[in-house]
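Everything on this sheet refers to the single structure shown next.
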Amino acid sequence: MFQKSSSPNLRFVVFVILSIILMVVDHHQGHLKVIRSALSALVYPLQYVVNLPIEATEWISLTLVTHNTLLKENDRLKQDHLLLSSKLQRYEVLETENRRLRELLESSFRINDKVLVAELIAVELQSFRRQIVINKGQREGAYDGQPIVDASGIMGQIVHVGPFSSTVILITDPNHALPVQVNRNGLRAIAVGMGQNDKLLLEHLPNNADIRVGDLVISSGLGRRFPQGYPVGQIENISRKPGEPFAKVMIKPSAKLSQSREVLMVWPYENNNEVDKEIDGLAIQ
Amino acid sequence: MIGIEESRQGNWIIVLSFIMAIMLTALPLPEWAVNWRPSWVAIVLIYWCMAVPDRVGILVAWFLGLLLDVQQSTVLGQNALGLTLIAFFTINSYQRMRAYPLLQQAVLIGFYLLFYELIMLWVAGYLGKGTRDWTYWMPAFTSMLLWPWLFIILRDLRRKYNIS
């Protein structure tokens, strides 16, 4: 590996061309998933080791908690649990009713709620991009385009799957767009990331669209990538300028994008590979 | 003529320094400091290309670049291209660079890194992932400030383990 062989000039040209070929192939075709996931198995241990001190401090602070705090927390959790189970009862009734009504309408609507908790092991290294790395990969059945949510809303989707880890692009990344609808009236729109932690832009809404500050925005499930009906955010600010064709609508994401350490991976459709093929097919057309 | 035994001596130190650099790249930082993170891998690579150009060269640079691409999930080949260029510059100028005083080395390396970031920005911009944030260029500056210290640490390591 460290031996000198041919002249550096020749080698330089060879490797520059090789890099350019790699970039073109990776960008246009994405046949290089195998290479990427093999190399990510090399990088993963390093990221794991970097993360160890943080986990250690968390573990220490957890073991040093006093008995009293634990009792209090337990109390609070019990109350929360009671509250949530009562809410869940209502929700289950509504869900069965909803399913029955949909059956009457003969619409196909299936909920597949397989989920898995993953832990965050790294955050994006450049601040203008919003990506995270989680500690679940191929072994656990993660796939490209898989939705990631936290307790309060949609966080993003997986872009690269490695053997033991996956990279997730957050909804606030400038390259991410998410089909959404306003919960109050079903108005459809696209929520685009802006590279800022607490802002999303709703694109192409006309000036006279029926939206108000405080409206809840949920995922619409169009595009068959994200499950339908998960909260995305709340409308924070609307600026309508008469001279411009579209209103500028900002929403505040409901997921705690910069705080969550545990995230949920969702399998919204029963056969995800088929969906992926379908989407790829659409993209080619 | 160097015997094979001698030429392999200390390879593990070189590999270890690169592993440390990759780990420092992944180290979580507060939000405001993220863009000021020095390009660890690039400056460690420059040091070894300058000190032992026969052993650390373009192939090593390219492979490190691929690892960085996977770590930062950029398009495969982006960092590989940048680091290859840096290694090429350094290998072509190592005799002159060794003769420079530390400060002058630091300035030259600052320019190399600016060029590296420019290449990264070109590729990212071509893929529609560019940025206009001025702090994008800060790694070159912080790496420049860090160079004298890094140089001294790595030089002492190199002398201690007799790597040449």
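Just remember, in the structure tokens the first chain shown is A, the second B, etc., residues are 1-based per chain, and ligands are 1-based in the order shown.
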Point to revise | Surrounding residues of Cys49 in chain B excluding itself and chain neighbours under 4 positions, 12 Å, only C-alpha atoms, as a ChimeraX atom specification | key: /A:2,8 /B:14,42-45,53-61,83-95,97-98,164
Practice item. Just need the residues of chain A within 9 Å of chain B, counting only C-alpha atoms, so spit them out as a ChimeraX atom specification. Key: /A:1-4,8-9,11-12,15-27,32,36-37,39-40,42-44,46-47,49-51,122-129,131,159-160,167,174-175
Review point. Out of range 202-272 of chain A, which residues get strand (DSSP E) from DSSP, as a ChimeraX atom specification?
Key: /A:202-206,216-219,231-239,246-253,262-267
Deliver the residues from the most recent selection as a file, using C-alpha atoms, as a CSV table (one decimal), in the first residue's frame.
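Below is the file part_12.csv, written as the result:
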chain,number,residue,atom,x,y,z
A,202,LEU,CA,-44.5,25.4,1.9
A,203,GLU,CA,-44.0,25.8,-1.8
A,204,HIS,CA,-46.3,27.1,-4.5
A,205,LEU,CA,-49.3,28.0,-2.4
A,206,PRO,CA,-51.3,30.8,-4.1
A,216,LEU,CA,-51.4,21.7,11.5
A,217,VAL,CA,-49.7,20.3,8.5
A,218,ILE,CA,-49.6,16.5,8.1
A,219,SER,CA,-48.0,14.1,5.6
A,231,PRO,CA,-47.7,15.5,11.8
A,232,VAL,CA,-45.1,17.5,10.0
A,233,GLY,CA,-45.4,20.9,11.6
A,234,GLN,CA,-47.5,24.0,12.3
A,235,ILE,CA,-47.8,27.0,10.2
A,236,GLU,CA,-45.8,29.7,11.8
A,237,ASN,CA,-45.8,32.6,9.5
A,238,ILE,CA,-47.6,33.6,6.2
A,239,SER,CA,-46.4,36.6,4.2
A,246,PHE,CA,-47.2,32.7,-4.4
A,247,ALA,CA,-47.5,33.3,-0.6
A,248,LYS,CA,-44.5,32.6,1.5
A,249,VAL,CA,-45.6,30.1,4.1
A,250,MET,CA,-43.2,28.9,6.8
A,251,ILE,CA,-43.9,26.0,9.0
A,252,LYS,CA,-42.2,24.9,12.2
A,253,PRO,CA,-41.5,21.2,12.3
A,262,GLU,CA,-34.0,7.9,19.7
A,263,VAL,CA,-35.9,7.8,16.5
A,264,LEU,CA,-38.4,5.4,15.1
A,265,MET,CA,-38.1,3.6,11.8
A,266,VAL,CA,-41.4,2.9,10.2
A,267,TRP,CA,-42.4,0.3,7.6
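Take CA of Ser17 in chain B and CA of Ile109 in chain B: the distance between them is 18.5 Å.
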Review point. Restricting the calculation to only C-alpha atoms, which member of A:Gly153, A:Gly214, A:Gly243, A:Pro147 is positioned closest to Phe226 in chain A?
Key: A:Pro147
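The protein and nucleic acid residues lying at most 10 Å from range 101-105 of chain B are Arg96, Gly110, Phe111, Met144, Leu145, Trp147, Pro148, Trp149, Phe151 and Ile152 of chain B, with only C-alpha atoms considered and sequence neighbours fewer than 5 positions away removed.
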